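So the structure is just underneath, and the comments pick up after that.
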Amino acid sequence: MTLKGWRSSIGIVALFGLSVGLGFGPDLDLGFDLDVRENPRLDAPFELEFEAISESESASASVEAWLPPSASGERLAVDPSVRDRSSNTPEGLEPNPWRWRAPRTAGPWGLEAMRVPQLWNLNDLAARRRAVIGTGVLDAGFQDDDRDGFNDHPDLTHVQTLVFDPESGRLEPGAVKGAHGQHVVGILGATVGNGLGIDGLNPFARVVAVSPQIPRDRRGLEAAWEVVLAALERLLEEHPEVRVVNLSLAYNWAINGRLKIDPNVDRGAQGLAERQGLRVRELAARFPDVLFVAAAGNDSRNRYGFPYEIQAKWASPFGWAALGPTVDGWAPAPNVLIIEAVDDVLPGERQHRKSDFSNVGGHLSAPGGRILSTVLNGRYDTYDGTSMAAPHVTGLIGYLWALEPSLTVEELKALLFRTARPVLPEVGGRTGPEGEEPAPLVDAFAAALAIDLIRGDEAVQRALVDVDDCTPDGNLRVDPLGRVVEGFCPDGRRGDGAVDMADFRAFRDALLALEGRGALDGPPDHPKRDLNGDGCVHGAQPGCPYPERVYPRFDFNGDGVLDRKAKAPFKGRALTDLEVLMEVWGAGPGADTEGWRAEALPGLLDSVDLHLDLTELFEREGVERVEVRATGAPAREATAERPRLVITTPLQPRVRVHVRGFSAEGALRVERCAVVEPTAPGQDLWVALKACSGPGLTGAP
């Protein structure tokens with residue numbers, strides 16, 4: 001790709017960018033008045049200082065809500081395109097490649113902590129909604145060197161990239177070049193399942209990424225933030241499809257060079273947050289149907305020496321807009337969410353702890369320590385910060401709206417708040433100055449299920465367990481002639497809209513496959529043996545990295561596994577995977593339970609399927625209705641419109657089948673019988689009917 005670049009003469013060096021060793025002298029105008037009596041250090045000449053990241057990647061010491069890495073934090077991972085330069089890397093841990101269900105150092109730990117793989121079991125529902133839910137990302141920089149309006153990273157080619165020119169007030173194709181925005185947008189929207197570096201949280205994200213171009217004469221802090229807010233306003237005006245905006249931006253008081261302002265007490269810092277926060281409240285009120293998701297800020301790290309945790313309301317204009325008091329008639333903005341950060345679970349513990357750098361007083365928490373995502377030049381890197389936590393929530397919000405586009409802002413917030421899980425303080429941590437505890441951790445899977453509670457129906461739960469392939473069998477792999485059947489429903493997805501025996505048979509087959517039991521037909525690499533949706537069958541196809549037990553599609557209770565007996569919390573109850581299906585048994589248009597009651601399903605997990613084609617009886621014998629009885633199964637009926645039946649019966653040494661055909665007047669016209677001898681659960685047995693005479697054929701089952 002031709003590198004053309006898009007930078008102003010200063011780019012966003014002073015406030016958004018990074019330049020190794022760059023500093024400004026005492027003539028730098030901050031653009032706002034600080035009370036020197038509150039902070040006597042401000043008497044001295046002020047100079048911005050930056051920590052070097054790399055010559056090709058930019059980050060911000062003033063606006064981006066992330067932590068620059070420590071000098072010793074850089075180590076190469078196994079993949080040469082992946083680097084681990086987290087400032088929060090515990091001793092003895094290796095870099096984190098993208099491996100599901102790996103040790104806790106693995107790249108996707110954040111998605112796993114939020115139960116995102118379980119959420120993806122609803123992808124078919126979201127895809128069929130066909131909702132256009134735009135996600136905005138306002139950040140310091142991205143990469144679009146050829147200025148074609150789309151991101152250059154191979155994992156982000158679908159991301160629209162625009163640069164805001166404050167002189168013209170326009171959004172134009174291109175981007176101020178910076179790694180921070182690349183990292184943020186990858187977390188929420190990197191392409192899922194393409195075999196590259198990472199997977200973004202929301203496979204349906206339609207992302208508009210905007211980077212403001214800061215002119216040289218607006219490099220003061222207050223002036224620069226006015227450009228940021230103008231860019232946000234323009235983004236919302238020109239892209240009405242955007243319903244959620246990520247704002248991983250902050251003042252970064254603690255790491256802003258030698259300034260080291262304590263915003264909990266500094267009246268000048270608080271005044272700036274209030275003035276610009278009022279501007280945010282006005283903007284949020286103009287767009288009440290948009291959710292603004294902002295980082296809580298990273299000023300609370302112990303090494304900064306503050307005697308308490310820093311409050312998120314002082315971290316940015318968005319923090320104050322959401323958390324500050326009512327001023328001049330402007331109450332806190334109800335559509336601005338502030339996101340704290342958590343780390344992965346420590347050895348021997350079960351709960352996540354607040355990241356030591358994260359400010360307090362936010363609404364929710366999300367993973368923000370050692371997060372692997374996209375950066376510049378097609379590479380991937382590990383960063384820390386509430387900048388990384390916010391896009392986890394932004395991506396989830398976009399996904400929830402894709403599932404149910406009619407949700408209001410208040411309803412969507414309720415989904416997040418009602419289902420979030422408690423978070424522990426950091427080790428040796430403190431509460432905030434007003435007693436603030438860590439904000440709860442979002443739970444993606446539980447939030448999606450809670451849509452049913454808000455809507456008063458079971459649409460999401462039904463979609464979760466609707467796993468058939470749109471054939472009467474539900475999981476047909478081979479037809480009567482021995483031909484392989486690879487297809488799913490006409491749109492290529494699972495689920496016909498009803499919860500019935502077709503879904504049960506698909507579930508049972510998956511369970512037997514993972515247990516290594518049964519006699520499922522079809523080749524070992526059959527697409528329907530791909531139980532976790534990664535596009536391959538582990539053990540049957542070379543280069544397929546994940547066993548089918550890793551986050552299978554048939555995990556209904558959200559514990560990440562498929563098991564007969566394991567229970568997990570589900571909508572306030574402890575249920576097995578099968579019990580989740582049983583709760584919505586028979587729901588949906590045209591559901592055919594084949595006479596089975598929900599409570600009988602556990603006894604059918606070891607069962608076989610009998611396939612009968614009764615077309616000949618209707619065509620040659622002139623019958624109007626056919627009654628079929630098989631040992632251990634409810635009686636069934638076939639008609640000329642539906643002459644083929646699948647009958648599931650418990651595994652037993654011998655199954656007798658008795659077929660009777662009746663005329664329109666109800667007279668018996670023909671009888672046929674068969675005896676089959678199953679040998680293992682999961683068998684598909686094609687029944688050949690004969691006259692009802694001979695050993696074992698006479699008499700009803």
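FYI, nothing fancy with the structure tokens labels: chains A, B, ... in order, residues from 1 per chain, ligands from 1 as they appear.
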
Residues near Val409 (chain A), cut-off 8 Å, only C-alpha atoms, skip fewer than 5 positions along chain, as a list in words:
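So the residues in contact are Pro288, Asp289, Val290, Leu291 and Asn335 of chain A.
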
Would you mind listing what lies within 10 Å of Val265 (chain A) as JSON, numbers by chain, with only C-alpha atoms counted and same-chain residues fewer than 2 positions away left out?
{"A": [38, 39, 261, 262, 263, 267, 268, 269, 270, 310, 314]}

I want to know what sits within 10 Å of Arg494 (chain A), based on only C-alpha atoms, with residues of the same chain fewer than 2 positions away left out; could you give that as a list in words?
Asn123, Asp124, Leu125, Ala463, Val465, Asp466, Val467, Asp468, Asp469, Cys470, Gly474, Asn475, Gly487, Phe488, Cys489, Pro490, Asp491, Gly492, Asp496, Gly497 and Asp503 of chain A

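Around Arg430 (chain A), within 8 Å and counting only C-alpha atoms, the residues found are Tyr308, Glu309, Pro425, Glu426, Gly428 and Gly432 of chain A, once anything fewer than 2 positions away on its own chain is removed.
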
Within region 487-642 of chain A, find each residue whose DSSP state, derived from the backbone, is strand (DSSP E), and express the selection as a ChimeraX atom specification.
/A:568-570,573-575,607-613,625-630,636-638

With N, CA and C atoms retained, write the just-selected residues as a compact mmCIF listing (two decimals), in the first residue's frame.
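As written to disk, result25.txt reads:
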# COMPACT_ATOMS: atom_id res chain seq x y z
N ALA A 568 -25.49 -23.93 35.74
CA ALA A 568 -24.93 -22.58 35.82
C ALA A 568 -26.09 -21.61 35.99
N PRO A 569 -25.83 -20.43 36.60
CA PRO A 569 -26.90 -19.44 36.75
C PRO A 569 -27.43 -19.00 35.38
N PHE A 570 -28.73 -19.00 35.25
CA PHE A 570 -29.38 -18.61 34.00
C PHE A 570 -30.69 -17.92 34.35
N ARG A 573 -31.74 -18.67 37.84
CA ARG A 573 -31.90 -20.06 38.26
C ARG A 573 -30.67 -20.85 37.83
N ALA A 574 -30.41 -21.94 38.52
CA ALA A 574 -29.30 -22.82 38.14
C ALA A 574 -29.85 -23.90 37.21
N LEU A 575 -29.40 -23.89 35.95
CA LEU A 575 -29.94 -24.80 34.95
C LEU A 575 -28.81 -25.49 34.19
N SER A 607 -30.45 -41.90 22.63
CA SER A 607 -31.57 -42.29 21.78
C SER A 607 -31.08 -42.48 20.35
N VAL A 608 -31.96 -43.00 19.52
CA VAL A 608 -31.67 -43.20 18.10
C VAL A 608 -32.81 -42.59 17.29
N ASP A 609 -32.54 -42.34 16.02
CA ASP A 609 -33.52 -41.73 15.13
C ASP A 609 -33.90 -42.70 14.02
N LEU A 610 -35.18 -42.93 13.84
CA LEU A 610 -35.70 -43.78 12.78
C LEU A 610 -36.23 -42.88 11.67
N HIS A 611 -35.80 -43.13 10.46
CA HIS A 611 -36.23 -42.34 9.31
C HIS A 611 -37.16 -43.18 8.45
N LEU A 612 -38.37 -42.67 8.21
CA LEU A 612 -39.35 -43.38 7.40
C LEU A 612 -39.81 -42.49 6.25
N ASP A 613 -39.80 -43.05 5.05
CA ASP A 613 -40.35 -42.37 3.89
C ASP A 613 -41.60 -43.13 3.47
N ARG A 625 -54.24 -40.96 5.32
CA ARG A 625 -53.57 -40.72 6.60
C ARG A 625 -52.83 -41.97 7.01
N VAL A 626 -51.61 -41.76 7.58
CA VAL A 626 -50.80 -42.89 8.01
C VAL A 626 -50.45 -42.71 9.49
N GLU A 627 -50.69 -43.75 10.26
CA GLU A 627 -50.35 -43.76 11.68
C GLU A 627 -49.11 -44.63 11.89
N VAL A 628 -48.15 -44.11 12.65
CA VAL A 628 -46.88 -44.83 12.88
C VAL A 628 -46.66 -44.96 14.39
N ARG A 629 -46.38 -46.19 14.81
CA ARG A 629 -46.01 -46.45 16.20
C ARG A 629 -44.65 -47.14 16.23
N ALA A 630 -43.79 -46.70 17.15
CA ALA A 630 -42.49 -47.32 17.35
C ALA A 630 -42.27 -47.52 18.84
N ARG A 636 -47.21 -41.27 15.92
CA ARG A 636 -47.04 -40.17 14.97
C ARG A 636 -47.99 -40.35 13.79
N GLU A 637 -48.23 -39.28 13.08
CA GLU A 637 -49.04 -39.34 11.87
C GLU A 637 -48.30 -38.68 10.73
N ALA A 638 -48.49 -39.25 9.53
CA ALA A 638 -47.95 -38.67 8.31
C ALA A 638 -49.10 -38.36 7.37

Please build the interface table for region 557-592 of chain A against region 531-549 of chain A with a cut-off of 9 Å, listing for each qualifying residue the nearest atom pair and the distance in Å to one decimal; count only C-alpha atoms, order rows by chain and increasing number, and write it as a Markdown table.
| residue | atom | partner | partner_atom | distance |
| --- | --- | --- | --- | --- |
| A:Gly560 | CA | A:Arg549 | CA | 8.5 |
| A:Val561 | CA | A:Arg549 | CA | 6.3 |
| A:Leu562 | CA | A:Arg549 | CA | 7.0 |

Find the spatial neighbours of region 392-407 of chain A, counting only C-alpha atoms, within a cut-off of 9 Å - ignore same-chain residues fewer than 5 positions away - and output them as JSON, numbers by chain.
{"A": [110, 111, 114, 116, 122, 123, 125, 126, 127, 128, 129, 130, 131, 132, 133, 134, 135, 184, 187, 188, 189, 200, 201, 202, 203, 204, 205, 206, 243, 244, 245, 246, 291, 292, 293, 294, 339, 364, 365, 366, 367, 368, 412, 413, 416, 442, 444, 447, 448, 451, 460]}

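Shell of Glu621 (chain A) at 9 Å, with only C-alpha atoms counted and residues fewer than 2 places along the chain excluded, is Glu616, Leu617, Phe618, Glu619, Val623, Gly661, Arg669 and Val670 of chain A.
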
Would you pick out the contacts of Arg286 (chain A) at 10 Å or less, using only C-alpha atoms, so that residues sharing its chain but fewer than 5 positions from it are not included, and give the list as a PyMOL selection string?
chain A and resi 233+236+280-281

Go ahead and save the residues from that selection, with C-alpha atoms, as a CSV table (one decimal), in the first residue's frame.
chain,number,residue,atom,x,y,z
A,233,GLU,CA,-20.8,16.9,17.1
A,236,LEU,CA,-23.3,12.7,15.1
A,280,VAL,CA,-21.0,17.7,26.7
A,281,ARG,CA,-24.3,17.8,28.6

Write out as CSV the residues of region 309-424 of chain A that have any atom within 9 Å of an atom of region 168-180 of chain A, one row each with the nearest atom pair and its distance in Å to one decimal, counting only C-alpha atoms, sorted by chain and then rising number.
residue,atom,partner,partner_atom,distance
A:Thr374,CA,A:Ala179,CA,8.0
A:Val375,CA,A:Ala179,CA,4.8
A:Leu376,CA,A:Ala179,CA,5.5
A:Tyr383,CA,A:His180,CA,9.0
A:Ser387,CA,A:His180,CA,8.6

Take the residues that were just selected and, keeping all heavy atoms, output them as an mmCIF file, in the first residue's frame.
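Resulting contents of out.cif:
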data_model
loop_
_atom_site.group_PDB
_atom_site.id
_atom_site.type_symbol
_atom_site.label_atom_id
_atom_site.label_comp_id
_atom_site.auth_asym_id
_atom_site.auth_seq_id
_atom_site.Cartn_x
_atom_site.Cartn_y
_atom_site.Cartn_z
ATOM 1 N N THR A 374 -5.286 -4.421 17.795
ATOM 2 C CA THR A 374 -4.631 -3.925 16.584
ATOM 3 C C THR A 374 -3.894 -2.618 16.858
ATOM 4 O O THR A 374 -4.344 -1.791 17.652
ATOM 5 C CB THR A 374 -5.678 -3.693 15.493
ATOM 6 O OG1 THR A 374 -6.782 -2.957 16.065
ATOM 7 C CG2 THR A 374 -6.213 -5.011 14.964
ATOM 8 N N VAL A 375 -2.773 -2.414 16.141
ATOM 9 C CA VAL A 375 -2.082 -1.125 16.181
ATOM 10 C C VAL A 375 -1.714 -0.742 14.750
ATOM 11 O O VAL A 375 -2.469 -1.007 13.819
ATOM 12 C CB VAL A 375 -0.858 -1.152 17.128
ATOM 13 C CG1 VAL A 375 -1.315 -1.135 18.581
ATOM 14 C CG2 VAL A 375 0.033 -2.344 16.881
ATOM 15 N N LEU A 376 -0.573 -0.141 14.554
ATOM 16 C CA LEU A 376 -0.186 0.348 13.231
ATOM 17 C C LEU A 376 0.495 -0.734 12.397
ATOM 18 O O LEU A 376 1.036 -1.704 12.929
ATOM 19 C CB LEU A 376 0.745 1.549 13.370
ATOM 20 C CG LEU A 376 0.154 2.800 14.037
ATOM 21 C CD1 LEU A 376 1.225 3.862 14.196
ATOM 22 C CD2 LEU A 376 -1.017 3.337 13.227
ATOM 23 N N TYR A 383 -1.899 -3.240 25.409
ATOM 24 C CA TYR A 383 -1.950 -1.969 26.120
ATOM 25 C C TYR A 383 -2.772 -2.139 27.398
ATOM 26 O O TYR A 383 -3.555 -3.074 27.550
ATOM 27 C CB TYR A 383 -2.622 -0.888 25.273
ATOM 28 C CG TYR A 383 -1.841 -0.365 24.091
ATOM 29 C CD1 TYR A 383 -2.445 0.520 23.197
ATOM 30 C CD2 TYR A 383 -0.525 -0.742 23.846
ATOM 31 C CE1 TYR A 383 -1.764 1.024 22.105
ATOM 32 C CE2 TYR A 383 0.171 -0.250 22.749
ATOM 33 C CZ TYR A 383 -0.448 0.632 21.882
ATOM 34 O OH TYR A 383 0.220 1.120 20.802
ATOM 35 N N SER A 387 -8.965 3.284 28.556
ATOM 36 C CA SER A 387 -9.174 3.378 27.110
ATOM 37 C C SER A 387 -9.514 2.032 26.512
ATOM 38 O O SER A 387 -10.250 1.938 25.530
ATOM 39 C CB SER A 387 -7.909 3.904 26.413
ATOM 40 O OG SER A 387 -7.860 5.294 26.403
#

Ala510 (chain A) proximity check over A:Gly590, A:Pro422, A:Gly456, A:Gly682, using only C-alpha atoms: winner is A:Gly682

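CA of Ala322 (chain A) lies 23.4 Å from CA of Val208 (chain A).
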
Nearest to Glu515 (chain A) among A:Arg462, A:Arg529, A:Arg553, A:Arg564, with distances taken over only C-alpha atoms: which residue is it?
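Looking only at the distances to Glu515 (chain A), the closest residue turns out to be A:Arg564.
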
Separation of CA of Arg672 (chain A) from CA of Val687 (chain A) in Å:
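Spanning CA of Val687 (chain A) to CA of Arg672 (chain A) is a straight-line distance of 11.0 Å.
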
List every residue of region 347-587 of chain A that DSSP, applied to the backbone of this structure, assigns to helix (DSSP H, G or I), and report them as number ranges by chain.
A: 386-403, 409-419, 444-455, 459-465, 501-515, 527-529, 577-583
